[in-house]
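structure_10.cif follows (mmCIF, C-alpha atoms and all ligand atoms):
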```cif
data_data
#
loop_
_atom_site.group_PDB
_atom_site.id
_atom_site.type_symbol
_atom_site.label_atom_id
_atom_site.label_comp_id
_atom_site.auth_asym_id
_atom_site.auth_seq_id
_atom_site.Cartn_x
_atom_site.Cartn_y
_atom_site.Cartn_z
ATOM 1 C CA MET A 217 14.798 17.338 -8.731
ATOM 2 C CA LEU A 218 13.683 18.532 -5.291
ATOM 3 C CA SER A 219 15.581 21.208 -3.417
ATOM 4 C CA ASP A 220 17.045 20.463 0.015
ATOM 5 C CA ALA A 221 14.391 22.755 1.502
ATOM 6 C CA GLU A 222 11.602 20.776 -0.201
ATOM 7 C CA ILE A 223 12.993 17.478 1.069
ATOM 8 C CA LYS A 224 13.316 18.916 4.560
ATOM 9 C CA ARG A 225 9.757 20.194 4.421
ATOM 10 C CA TYR A 226 8.524 16.680 3.556
ATOM 11 C CA GLN A 227 10.533 15.235 6.441
ATOM 12 C CA ASP A 228 9.452 17.885 8.949
ATOM 13 C CA GLU A 229 5.821 18.414 7.937
ATOM 14 C CA GLY A 230 4.922 15.098 6.282
ATOM 15 C CA TYR A 231 4.090 16.717 2.963
ATOM 16 C CA VAL A 232 5.448 19.088 0.353
ATOM 17 C CA ILE A 233 4.151 20.926 -2.720
ATOM 18 C CA PRO A 234 7.240 21.129 -4.913
ATOM 19 C CA ASP A 235 8.031 23.982 -7.228
ATOM 20 C CA TYR A 236 7.122 21.849 -10.228
ATOM 21 C CA ARG A 237 4.256 21.531 -12.692
ATOM 22 C CA LEU A 238 3.681 18.786 -15.233
ATOM 23 C CA PRO A 239 3.605 20.022 -18.840
ATOM 24 C CA MET A 240 0.091 21.116 -19.823
ATOM 25 C CA ALA A 241 0.100 18.579 -22.668
ATOM 26 C CA VAL A 242 0.356 15.780 -20.077
ATOM 27 C CA VAL A 243 -2.404 17.311 -17.950
ATOM 28 C CA ASP A 244 -4.663 17.650 -21.004
ATOM 29 C CA GLU A 245 -4.013 14.012 -21.859
ATOM 30 C CA MET A 246 -4.834 12.976 -18.288
ATOM 31 C CA ARG A 247 -8.061 14.970 -18.333
ATOM 32 C CA ALA A 248 -9.061 13.376 -21.646
ATOM 33 C CA GLU A 249 -8.317 9.918 -20.211
ATOM 34 C CA LEU A 250 -10.481 10.688 -17.185
ATOM 35 C CA ASP A 251 -13.337 11.711 -19.511
ATOM 36 C CA GLN A 252 -12.992 8.367 -21.293
ATOM 37 C CA LEU A 253 -12.814 6.410 -18.040
ATOM 38 C CA LEU A 254 -16.004 8.069 -16.812
ATOM 39 C CA GLU A 255 -17.697 7.502 -20.167
ATOM 40 C CA ALA A 256 -16.823 3.802 -19.939
ATOM 41 C CA ASN A 257 -18.333 3.691 -16.436
ATOM 42 C CA PRO A 258 -21.541 5.745 -16.600
ATOM 43 C CA GLU A 259 -22.952 4.146 -13.446
ATOM 44 C CA MET A 260 -19.967 5.207 -11.319
ATOM 45 C CA THR A 261 -19.305 8.576 -9.779
ATOM 46 C CA ALA A 262 -15.868 10.086 -10.202
ATOM 47 C CA ASP A 263 -15.381 10.255 -6.426
ATOM 48 C CA SER A 264 -12.964 7.343 -6.150
ATOM 49 C CA LEU A 265 -11.890 5.113 -9.010
ATOM 50 C CA PHE A 266 -9.349 2.557 -7.875
ATOM 51 C CA VAL A 267 -6.296 1.302 -9.792
ATOM 52 C CA PRO A 268 -7.094 2.638 -13.281
ATOM 53 C CA HIS A 269 -3.534 1.627 -14.272
ATOM 54 C CA ALA A 270 -4.243 -2.047 -13.411
ATOM 55 C CA PRO A 271 -8.024 -2.449 -13.566
ATOM 56 C CA GLN A 272 -7.758 -6.250 -13.436
ATOM 57 C CA ASN A 273 -6.937 -5.707 -9.736
ATOM 58 C CA ASN A 274 -10.112 -3.748 -9.085
ATOM 59 C CA PRO A 275 -13.013 -5.334 -7.205
ATOM 60 C CA GLN A 276 -15.089 -2.189 -7.816
ATOM 61 C CA GLY A 277 -16.189 -3.566 -11.195
ATOM 62 C CA MET A 278 -14.749 -0.594 -13.038
ATOM 63 C CA VAL A 279 -14.536 -1.058 -16.817
ATOM 64 C CA ALA A 280 -10.960 -0.626 -18.045
ATOM 65 C CA SER A 281 -10.041 2.353 -20.163
ATOM 66 C CA ASN A 282 -6.493 2.602 -21.488
ATOM 67 C CA PRO A 283 -4.694 1.313 -18.353
ATOM 68 C CA HIS A 284 -1.337 1.643 -20.109
ATOM 69 C CA LYS A 285 -1.905 5.398 -20.298
ATOM 70 C CA TRP A 286 -2.601 5.633 -16.551
ATOM 71 C CA LEU A 287 0.535 3.571 -15.932
ATOM 72 C CA LYS A 288 2.527 5.859 -18.214
ATOM 73 C CA PHE A 289 1.397 8.958 -16.293
ATOM 74 C CA ALA A 290 2.409 7.250 -13.025
ATOM 75 C CA CYS A 291 5.891 6.530 -14.380
ATOM 76 C CA HIS A 292 6.564 10.062 -15.613
ATOM 77 C CA ALA A 293 10.332 10.510 -15.310
ATOM 78 C CA ASP A 294 10.142 13.768 -13.330
ATOM 79 C CA ILE A 295 7.737 12.258 -10.803
ATOM 80 C CA LEU A 296 9.984 9.222 -10.256
ATOM 81 C CA GLU A 297 12.970 11.549 -9.757
ATOM 82 C CA MET A 298 11.120 13.466 -7.063
ATOM 83 C CA VAL A 299 9.890 10.291 -5.364
ATOM 84 C CA ALA A 300 13.477 8.968 -5.334
ATOM 85 C CA ASP A 301 14.526 12.166 -3.547
ATOM 86 C CA LEU A 302 11.960 11.402 -0.853
ATOM 87 C CA ILE A 303 12.069 7.615 -0.354
ATOM 88 C CA GLY A 304 15.266 6.442 -2.027
ATOM 89 C CA GLU A 305 16.235 4.749 -5.280
ATOM 90 C CA ASP A 306 14.342 1.456 -4.899
ATOM 91 C CA ILE A 307 10.727 2.179 -5.706
ATOM 92 C CA ILE A 308 7.570 0.120 -6.200
ATOM 93 C CA LEU A 309 4.395 1.626 -7.650
ATOM 94 C CA TRP A 310 1.728 -0.384 -5.831
ATOM 95 C CA GLY A 311 -1.462 1.637 -6.352
ATOM 96 C CA THR A 312 -3.256 4.497 -8.032
ATOM 97 C CA THR A 313 -6.618 6.172 -7.460
ATOM 98 C CA VAL A 314 -8.566 8.915 -9.181
ATOM 99 C CA PHE A 315 -10.278 11.070 -6.557
ATOM 100 C CA GLY A 316 -12.508 12.901 -9.018
ATOM 101 C CA LYS A 317 -14.907 14.690 -6.651
ATOM 102 C CA PRO A 318 -17.702 15.892 -8.959
ATOM 103 C CA ALA A 319 -19.212 19.379 -8.711
ATOM 104 C CA HIS A 320 -22.161 19.803 -6.275
ATOM 105 C CA THR A 321 -22.218 16.203 -5.003
ATOM 106 C CA GLY A 322 -18.531 15.430 -4.410
ATOM 107 C CA LYS A 323 -17.951 13.214 -1.379
ATOM 108 C CA ALA A 324 -15.742 14.105 1.563
ATOM 109 C CA THR A 325 -12.732 12.047 2.623
ATOM 110 C CA PRO A 326 -12.681 11.490 6.388
ATOM 111 C CA TRP A 327 -9.623 12.454 8.417
ATOM 112 C CA HIS A 328 -7.322 9.443 8.334
ATOM 113 C CA GLN A 329 -3.784 8.133 8.001
ATOM 114 C CA ASP A 330 -3.151 6.064 4.876
ATOM 115 C CA GLY A 331 -1.287 3.454 6.913
ATOM 116 C CA GLN A 332 -4.612 2.403 8.462
ATOM 117 C CA TYR A 333 -5.555 0.894 5.084
ATOM 118 C CA TRP A 334 -2.354 -0.495 3.659
ATOM 119 C CA PRO A 335 -0.515 -3.835 4.098
ATOM 120 C CA ILE A 336 3.018 -2.476 3.817
ATOM 121 C CA ARG A 337 5.524 -3.462 6.518
ATOM 122 C CA PRO A 338 7.496 -1.643 7.758
ATOM 123 C CA LEU A 339 4.865 1.032 7.071
ATOM 124 C CA ALA A 340 6.401 3.312 4.455
ATOM 125 C CA SER A 341 4.888 4.920 1.388
ATOM 126 C CA CYS A 342 4.792 8.235 -0.407
ATOM 127 C CA SER A 343 1.710 9.440 -2.284
ATOM 128 C CA ALA A 344 1.861 11.848 -5.196
ATOM 129 C CA TRP A 345 -1.475 13.731 -5.493
ATOM 130 C CA ILE A 346 -1.597 15.281 -8.979
ATOM 131 C CA ALA A 347 -4.159 17.984 -9.734
ATOM 132 C CA ILE A 348 -6.076 17.353 -12.962
ATOM 133 C CA ASP A 349 -8.381 20.309 -12.304
ATOM 134 C CA GLU A 350 -7.880 23.591 -10.490
ATOM 135 C CA VAL A 351 -8.004 22.593 -6.809
ATOM 136 C CA GLY A 352 -8.931 24.989 -4.007
ATOM 137 C CA GLU A 353 -10.768 25.288 -0.723
ATOM 138 C CA GLU A 354 -14.167 25.782 -2.376
ATOM 139 C CA ASN A 355 -14.095 22.529 -4.380
ATOM 140 C CA GLY A 356 -12.800 20.338 -1.578
ATOM 141 C CA CYS A 357 -9.009 20.351 -1.697
ATOM 142 C CA MET A 358 -7.053 17.914 0.417
ATOM 143 C CA ARG A 359 -6.343 19.189 3.948
ATOM 144 C CA VAL A 360 -3.412 18.061 6.043
ATOM 145 C CA ILE A 361 -2.254 18.355 9.628
ATOM 146 C CA PRO A 362 1.394 19.406 9.235
ATOM 147 C CA GLY A 363 3.778 17.384 11.368
ATOM 148 C CA SER A 364 1.168 14.753 12.256
ATOM 149 C CA HIS A 365 3.331 12.001 10.700
ATOM 150 C CA LYS A 366 6.023 12.566 13.318
ATOM 151 C CA GLY A 367 4.877 9.918 15.812
ATOM 152 C CA SER A 368 5.429 7.324 13.042
ATOM 153 C CA HIS A 369 2.586 5.200 14.349
ATOM 154 C CA LEU A 370 -1.078 4.667 13.626
ATOM 155 C CA LEU A 371 -3.564 6.719 15.614
ATOM 156 C CA LYS A 372 -6.994 5.457 16.649
ATOM 157 C CA HIS A 373 -9.520 5.054 13.809
ATOM 158 C CA HIS A 374 -13.115 3.788 13.728
ATOM 159 C CA THR A 375 -15.315 2.641 10.846
ATOM 160 C CA ASN A 376 -17.716 5.174 9.340
ATOM 161 C CA THR A 377 -19.865 3.796 6.498
ATOM 162 C CA ALA A 378 -21.638 7.075 5.646
ATOM 163 C CA LYS A 379 -22.458 7.114 1.925
ATOM 164 C CA ASP A 380 -21.082 10.602 1.391
ATOM 165 C CA LEU A 381 -17.517 9.541 2.256
ATOM 166 C CA THR A 382 -14.920 8.176 -0.179
ATOM 167 C CA LEU A 383 -13.276 5.969 2.493
ATOM 168 C CA ASN A 384 -14.593 4.329 5.658
ATOM 169 C CA GLN A 385 -11.735 4.431 8.177
ATOM 170 C CA GLU A 386 -11.951 7.670 10.132
ATOM 171 C CA LEU A 387 -9.746 9.039 12.881
ATOM 172 C CA ASP A 388 -11.298 9.505 16.308
ATOM 173 C CA THR A 389 -11.755 13.255 16.772
ATOM 174 C CA ASP A 390 -9.515 13.357 19.852
ATOM 175 C CA GLN A 391 -6.558 12.181 17.733
ATOM 176 C CA TYR A 392 -5.948 15.475 15.905
ATOM 177 C CA ASP A 393 -6.880 19.154 16.039
ATOM 178 C CA GLU A 394 -8.658 20.403 12.933
ATOM 179 C CA ALA A 395 -7.639 23.958 13.833
ATOM 180 C CA ASP A 396 -4.100 22.996 12.706
ATOM 181 C CA ALA A 397 -5.225 22.003 9.176
ATOM 182 C CA ALA A 398 -3.516 23.393 6.058
ATOM 183 C CA ASP A 399 -5.171 23.435 2.612
ATOM 184 C CA ILE A 400 -3.388 21.878 -0.358
ATOM 185 C CA ILE A 401 -4.166 24.335 -3.142
ATOM 186 C CA LEU A 402 -2.957 23.262 -6.576
ATOM 187 C CA LYS A 403 -3.075 24.373 -10.183
ATOM 188 C CA PRO A 404 -3.609 21.672 -12.811
ATOM 189 C CA GLY A 405 -0.351 19.732 -13.171
ATOM 190 C CA GLN A 406 0.920 20.713 -9.740
ATOM 191 C CA MET A 407 1.207 17.973 -7.119
ATOM 192 C CA SER A 408 1.733 17.353 -3.459
ATOM 193 C CA PHE A 409 3.618 14.460 -1.886
ATOM 194 C CA HIS A 410 2.556 13.048 1.470
ATOM 195 C CA ASP A 411 3.851 10.506 3.938
ATOM 196 C CA ILE A 412 1.926 7.355 4.939
ATOM 197 C CA ASN A 413 1.538 8.546 8.556
ATOM 198 C CA MET A 414 0.305 12.048 7.836
ATOM 199 C CA VAL A 415 -3.217 12.941 8.977
ATOM 200 C CA HIS A 416 -5.333 14.254 6.091
ATOM 201 C CA GLY A 417 -8.834 14.424 4.631
ATOM 202 C CA SER A 418 -11.024 16.655 2.477
ATOM 203 C CA ARG A 419 -14.442 18.327 2.556
ATOM 204 C CA HIS A 420 -17.439 17.770 0.261
ATOM 205 C CA ASN A 421 -17.493 19.556 -3.065
ATOM 206 C CA THR A 422 -20.588 21.754 -3.145
ATOM 207 C CA SER A 423 -19.116 24.124 -5.739
ATOM 208 C CA ASP A 424 -19.827 24.292 -9.484
ATOM 209 C CA ARG A 425 -16.382 22.891 -10.348
ATOM 210 C CA ARG A 426 -15.113 19.314 -10.321
ATOM 211 C CA ARG A 427 -11.991 18.630 -8.232
ATOM 212 C CA ALA A 428 -10.171 15.720 -9.820
ATOM 213 C CA GLY A 429 -6.790 14.405 -8.736
ATOM 214 C CA TYR A 430 -4.813 11.357 -9.808
ATOM 215 C CA VAL A 431 -2.976 9.836 -6.860
ATOM 216 C CA LEU A 432 0.047 7.557 -7.144
ATOM 217 C CA ARG A 433 1.202 5.289 -4.349
ATOM 218 C CA PHE A 434 4.900 4.499 -4.144
ATOM 219 C CA MET A 435 6.618 2.374 -1.506
ATOM 220 C CA PRO A 436 10.335 1.915 -0.942
ATOM 221 C CA ALA A 437 11.284 -1.589 -2.128
ATOM 222 C CA THR A 438 12.882 -2.082 1.294
ATOM 223 C CA SER A 439 9.352 -2.661 2.667
ATOM 224 C CA HIS A 440 7.211 -5.731 2.054
ATOM 225 C CA PHE A 441 3.704 -5.725 0.585
ATOM 226 C CA ASP A 442 2.039 -8.363 2.781
ATOM 227 C CA ARG A 443 -0.865 -9.873 0.833
ATOM 228 C CA ASN A 444 -2.194 -11.887 3.800
ATOM 229 C CA LEU A 445 -2.391 -8.790 5.942
ATOM 230 C CA GLY A 446 -3.928 -7.085 2.905
ATOM 231 C CA ASN A 447 -6.746 -9.586 3.014
ATOM 232 C CA GLN A 448 -7.683 -8.507 6.530
ATOM 233 C CA LEU A 449 -7.273 -4.779 5.927
ATOM 234 C CA GLY A 450 -9.100 -4.934 2.577
ATOM 235 C CA ALA A 451 -12.045 -6.722 4.196
ATOM 236 C CA LYS A 452 -12.291 -3.935 6.781
ATOM 237 C CA SER A 453 -12.068 -1.038 4.359
ATOM 238 C CA GLY A 454 -14.413 -2.775 1.947
ATOM 239 C CA VAL A 455 -13.366 -1.334 -1.380
ATOM 240 C CA VAL A 456 -9.995 -2.821 -2.130
ATOM 241 C CA ASP A 457 -8.539 -6.263 -2.716
ATOM 242 C CA PHE A 458 -4.816 -6.317 -2.086
ATOM 243 C CA THR A 459 -4.379 -10.048 -2.714
ATOM 244 C CA GLN A 460 -4.149 -9.633 -6.505
ATOM 245 C CA ARG A 461 -2.600 -6.161 -6.545
ATOM 246 C CA ALA A 462 0.141 -5.831 -9.187
ATOM 247 C CA LEU A 463 3.392 -4.358 -7.890
ATOM 248 C CA TYR A 464 5.504 -2.492 -10.446
ATOM 249 C CA LEU A 465 9.190 -2.096 -9.656
ATOM 250 C CA VAL A 466 9.646 1.276 -11.357
ATOM 251 C CA ARG A 467 13.192 1.966 -10.202
ATOM 252 C CA GLY A 468 16.108 0.156 -8.520
ATOM 253 C CA GLU A 469 15.877 -3.281 -6.939
ATOM 254 C CA ASP A 470 13.441 -5.169 -4.765
ATOM 255 C CA LYS A 471 15.071 -5.616 -1.348
ATOM 256 C CA ALA A 472 12.157 -7.186 0.585
ATOM 257 C CA SER A 473 11.054 -10.322 -1.303
ATOM 258 C CA ASN A 474 8.034 -8.664 -2.834
ATOM 259 C CA ASP A 475 5.866 -10.618 -5.237
ATOM 260 C CA LEU A 476 6.269 -8.727 -8.514
ATOM 261 C CA LYS A 477 4.324 -11.244 -10.616
ATOM 262 C CA ILE A 478 0.811 -11.558 -9.187
ATOM 263 C CA GLY A 479 -1.937 -9.505 -10.779
ATOM 264 C CA HIS A 480 -0.137 -8.240 -13.854
ATOM 265 C CA ALA A 481 -2.077 -8.151 -17.113
ATOM 266 C CA HIS A 482 -0.810 -10.591 -19.741
HETATM 267 O O1 LIG A 501 -8.469 13.414 -2.659
HETATM 268 C C1 LIG A 501 -8.929 13.336 -1.535
HETATM 269 O O2 LIG A 501 -9.849 14.026 -1.165
HETATM 270 C C2 LIG A 501 -8.323 12.374 -0.535
HETATM 271 C C3 LIG A 501 -7.033 11.821 -0.973
HETATM 272 C C4 LIG A 501 -6.390 10.913 -0.007
HETATM 273 O O3 LIG A 501 -6.886 10.614 1.051
HETATM 274 C C5 LIG A 501 -5.088 10.373 -0.371
HETATM 275 O O4 LIG A 501 -4.637 10.600 -1.489
HETATM 276 O O5 LIG A 501 -4.471 9.672 0.453
#
```

Kindly return the structure encoded in the file as structure tokens.
Ligand SMILES: O=C(O)CCC(=O)C(=O)O
Amino acid sequence: MLSDAEIKRYQDEGYVIPDYRLPMAVVDEMRAELDQLLEANPEMTADSLFVPHAPQNNPQGMVASNPHKWLKFACHADILEMVADLIGEDIILWGTTVFGKPAHTGKATPWHQDGQYWPIRPLASCSAWIAIDEVGEENGCMRVIPGSHKGSHLLKHHTNTAKDLTLNQELDTDQYDEADAADIILKPGQMSFHDINMVHGSRHNTSDRRRAGYVLRFMPATSHFDRNLGNQLGAKSGVVDFTQRALYLVRGEDKASNDLKIGHAH
């Protein structure tokens, strides 16, 4: 599905926005599902809603709303094709998050590398960030530091528990140069893919428009999802529990003795 140039861009820069857009019917369905999810959880903000496709894994206390629909979106055939182009044919879907940044009050996401949070060894994962709304600079699009994944190691983070942040592990400011940042501007249905080591974050949303994205986390099934390590990392980041996280083998074979049974709904 991806061109050679798109694959090379992902390898060289750590991210790519492919020349692809989900059909509007799918985007409309996703937006309607997000409305329902928020209706079912009136006490929650849309800023970060974890694992809507497997809410039984969610320690946030989020009330489930059509998880099978969220799983279906995550397994869209075109998306899996593109992910296979980037990380190979053996693929595990191990997480999803809605980053739904409301208008006016939307939280920022601190500069970070995803690998700081995740119990995957060797560290390897590709995120698909799908725009549900129109996403631009003014409503707090994701920002990336192109090429920052290249060292293939984790940079120095500290804990920041400020209430206006979606996540609490933040890169030390001497670990990156914000002047190098690129904005990820997307139309509804467009998506970006980013590597687990890439430095990224986003600003607050002070605009009149919501900025919702549905993010899918895929790992190559040649890596292992280490639940014990997950325990330690989850305790640090506060909002996630990896011990019961359901792993869905969505393509190919598991090559790293992953537990594909724990946490699945009956
Ligand atoms: O949506 C955002 O603002 C942050 C997203 C993010 O950090 C991620 O998808 O890894």

* Let me have all residues with an atom within 7 Å of ligand LIG 501 (chain A), counting all atoms listed in the file, laid out as a list in words. =>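 Checked against 7 Å with all atoms listed in the file; the hits are Phe315, Ala324, Thr325, Asp330, Ser343, Trp345, Gly356, Cys357, Met358, His416, Gly417, Ser418, Gly429 and Val431 of chain A.
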
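You can rank A:Val415, A:Val232, A:Val360, A:Leu238 by their closest distance to Ile346 of chain A using all atoms listed in the file, and at the top of that list sits A:Leu238.
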
* **Given only C-alpha atoms as the counted atoms, nearest of A:Ala300, A:Lys285, A:Ala472, A:Tyr226 to Ser364 of chain A** => A:Tyr226

* Asked: In Å, with one decimal, what is the gap from atom CA of Asp388 of chain A to atom CA of His373 of chain A?
  ->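 Distance reported for this atom pair: 5.4 Å.
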
* To do: Please provide the set of residues having any atom within 12 Å of segment 333-338 of chain A, restricted to all atoms listed in the file, with same-chain residues fewer than 2 positions apart removed, written as an MDAnalysis selection string.
  => chainID A and resid 308 310:311 328:331 340:342 368:370 373:375 383:386 412:413 433:459 461 463 472:474

Quick one: write out the picked residues with C-alpha atoms as a PDB file, in the coordinates of the input?
```
ATOM      1  CA  ILE A 308       7.570   0.120  -6.200  1.00  0.00           C
ATOM      2  CA  TRP A 310       1.728  -0.384  -5.831  1.00  0.00           C
ATOM      3  CA  GLY A 311      -1.462   1.637  -6.352  1.00  0.00           C
ATOM      4  CA  HIS A 328      -7.322   9.443   8.334  1.00  0.00           C
ATOM      5  CA  GLN A 329      -3.784   8.133   8.001  1.00  0.00           C
ATOM      6  CA  ASP A 330      -3.151   6.064   4.876  1.00  0.00           C
ATOM      7  CA  GLY A 331      -1.287   3.454   6.913  1.00  0.00           C
ATOM      8  CA  ALA A 340       6.401   3.312   4.455  1.00  0.00           C
ATOM      9  CA  SER A 341       4.888   4.920   1.388  1.00  0.00           C
ATOM     10  CA  CYS A 342       4.792   8.235  -0.407  1.00  0.00           C
ATOM     11  CA  SER A 368       5.429   7.324  13.042  1.00  0.00           C
ATOM     12  CA  HIS A 369       2.586   5.200  14.349  1.00  0.00           C
ATOM     13  CA  LEU A 370      -1.078   4.667  13.626  1.00  0.00           C
ATOM     14  CA  HIS A 373      -9.520   5.054  13.809  1.00  0.00           C
ATOM     15  CA  HIS A 374     -13.115   3.788  13.728  1.00  0.00           C
ATOM     16  CA  THR A 375     -15.315   2.641  10.846  1.00  0.00           C
ATOM     17  CA  LEU A 383     -13.276   5.969   2.493  1.00  0.00           C
ATOM     18  CA  ASN A 384     -14.593   4.329   5.658  1.00  0.00           C
ATOM     19  CA  GLN A 385     -11.735   4.431   8.177  1.00  0.00           C
ATOM     20  CA  GLU A 386     -11.951   7.670  10.132  1.00  0.00           C
ATOM     21  CA  ILE A 412       1.926   7.355   4.939  1.00  0.00           C
ATOM     22  CA  ASN A 413       1.538   8.546   8.556  1.00  0.00           C
ATOM     23  CA  ARG A 433       1.202   5.289  -4.349  1.00  0.00           C
ATOM     24  CA  PHE A 434       4.900   4.499  -4.144  1.00  0.00           C
ATOM     25  CA  MET A 435       6.618   2.374  -1.506  1.00  0.00           C
ATOM     26  CA  PRO A 436      10.335   1.915  -0.942  1.00  0.00           C
ATOM     27  CA  ALA A 437      11.284  -1.589  -2.128  1.00  0.00           C
ATOM     28  CA  THR A 438      12.882  -2.082   1.294  1.00  0.00           C
ATOM     29  CA  SER A 439       9.352  -2.661   2.667  1.00  0.00           C
ATOM     30  CA  HIS A 440       7.211  -5.731   2.054  1.00  0.00           C
ATOM     31  CA  PHE A 441       3.704  -5.725   0.585  1.00  0.00           C
ATOM     32  CA  ASP A 442       2.039  -8.363   2.781  1.00  0.00           C
ATOM     33  CA  ARG A 443      -0.865  -9.873   0.833  1.00  0.00           C
ATOM     34  CA  ASN A 444      -2.194 -11.887   3.800  1.00  0.00           C
ATOM     35  CA  LEU A 445      -2.391  -8.790   5.942  1.00  0.00           C
ATOM     36  CA  GLY A 446      -3.928  -7.085   2.905  1.00  0.00           C
ATOM     37  CA  ASN A 447      -6.746  -9.586   3.014  1.00  0.00           C
ATOM     38  CA  GLN A 448      -7.683  -8.507   6.530  1.00  0.00           C
ATOM     39  CA  LEU A 449      -7.273  -4.779   5.927  1.00  0.00           C
ATOM     40  CA  GLY A 450      -9.100  -4.934   2.577  1.00  0.00           C
ATOM     41  CA  ALA A 451     -12.045  -6.722   4.196  1.00  0.00           C
ATOM     42  CA  LYS A 452     -12.291  -3.935   6.781  1.00  0.00           C
ATOM     43  CA  SER A 453     -12.068  -1.038   4.359  1.00  0.00           C
ATOM     44  CA  GLY A 454     -14.413  -2.775   1.947  1.00  0.00           C
ATOM     45  CA  VAL A 455     -13.366  -1.334  -1.380  1.00  0.00           C
ATOM     46  CA  VAL A 456      -9.995  -2.821  -2.130  1.00  0.00           C
ATOM     47  CA  ASP A 457      -8.539  -6.263  -2.716  1.00  0.00           C
ATOM     48  CA  PHE A 458      -4.816  -6.317  -2.086  1.00  0.00           C
ATOM     49  CA  THR A 459      -4.379 -10.048  -2.714  1.00  0.00           C
ATOM     50  CA  ARG A 461      -2.600  -6.161  -6.545  1.00  0.00           C
ATOM     51  CA  LEU A 463       3.392  -4.358  -7.890  1.00  0.00           C
ATOM     52  CA  ALA A 472      12.157  -7.186   0.585  1.00  0.00           C
ATOM     53  CA  SER A 473      11.054 -10.322  -1.303  1.00  0.00           C
ATOM     54  CA  ASN A 474       8.034  -8.664  -2.834  1.00  0.00           C
TER      55      ASN A 474
END
```

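When atom CA of Asp349 of chain A is paired with atom CA of Asp301 of chain A, their separation reads 25.8 Å.
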
Can you tell me, as JSON, the centre and edge lengths (Å, one decimal) of the axis-aligned box enclosing all of segment 409-424 of chain A's listed atoms after padding each side by 4 Å?
```
{"center_x": -8.4, "center_y": 15.8, "center_z": -0.3, "size_x": 32.4, "size_y": 24.9, "size_z": 26.5}
```

* To do: Counting all atoms listed in the file, figure out which residue out of A:Met217, A:Trp327, A:Glu249, A:Ser408 gets nearest to Leu387 of chain A.
  =>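 The closest residue to Leu387 of chain A is A:Trp327.
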
* To do: List the residues matched by the PyMOL selection byres (((chain A and resi 266) around 8) and not hetatm) in the displayed structure as a ChimeraX atom specification, ordered by chain and then by residue number.
  => /A:264-265,267-268,271,274,276,312-314,456

* Would you kindly translate the PyMOL selection byres (((chain A and resi 362) around 10) and not hetatm) into the concrete residues it picks from this file, as a ChimeraX atom specification? => /A:225-226,228-232,359-361,363-366,396-398,414-416

* Any idea what the distance is between atom CA of Arg427 of chain A and atom CA of Gln406 of chain A? -> 13.2 Å

Using all atoms listed in the file, collect all residues at a distance of at most 10 Å from (-15.7, 25.3, -3.5) as written in the file, then present them as an mmCIF file with C-alpha atoms, in the coordinates of the input.
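Once everything was written out, this is result-v1.cif:
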```
data_model
loop_
_atom_site.group_PDB
_atom_site.id
_atom_site.type_symbol
_atom_site.label_atom_id
_atom_site.label_comp_id
_atom_site.auth_asym_id
_atom_site.auth_seq_id
_atom_site.Cartn_x
_atom_site.Cartn_y
_atom_site.Cartn_z
ATOM 1 C CA ALA A 319 -19.212 19.379 -8.711
ATOM 2 C CA HIS A 320 -22.161 19.803 -6.275
ATOM 3 C CA VAL A 351 -8.004 22.593 -6.809
ATOM 4 C CA GLY A 352 -8.931 24.989 -4.007
ATOM 5 C CA GLU A 353 -10.768 25.288 -0.723
ATOM 6 C CA GLU A 354 -14.167 25.782 -2.376
ATOM 7 C CA ASN A 355 -14.095 22.529 -4.380
ATOM 8 C CA GLY A 356 -12.800 20.338 -1.578
ATOM 9 C CA CYS A 357 -9.009 20.351 -1.697
ATOM 10 C CA ARG A 419 -14.442 18.327 2.556
ATOM 11 C CA HIS A 420 -17.439 17.770 0.261
ATOM 12 C CA ASN A 421 -17.493 19.556 -3.065
ATOM 13 C CA THR A 422 -20.588 21.754 -3.145
ATOM 14 C CA SER A 423 -19.116 24.124 -5.739
ATOM 15 C CA ASP A 424 -19.827 24.292 -9.484
ATOM 16 C CA ARG A 425 -16.382 22.891 -10.348
ATOM 17 C CA ARG A 426 -15.113 19.314 -10.321
ATOM 18 C CA ARG A 427 -11.991 18.630 -8.232
#
```

* Between A:Arg467, A:His269, A:Arg247, A:Lys477, single out the one closest to Val299 of chain A, counting only C-alpha atoms. =>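 The shortest atom-to-atom distance to Val299 of chain A comes from A:Arg467.
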
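Shortest atom-to-atom contact with Asp411 of chain A among A:Val243, A:Ile223, A:Ala428, A:Met260: A:Ile223, counting only C-alpha atoms.
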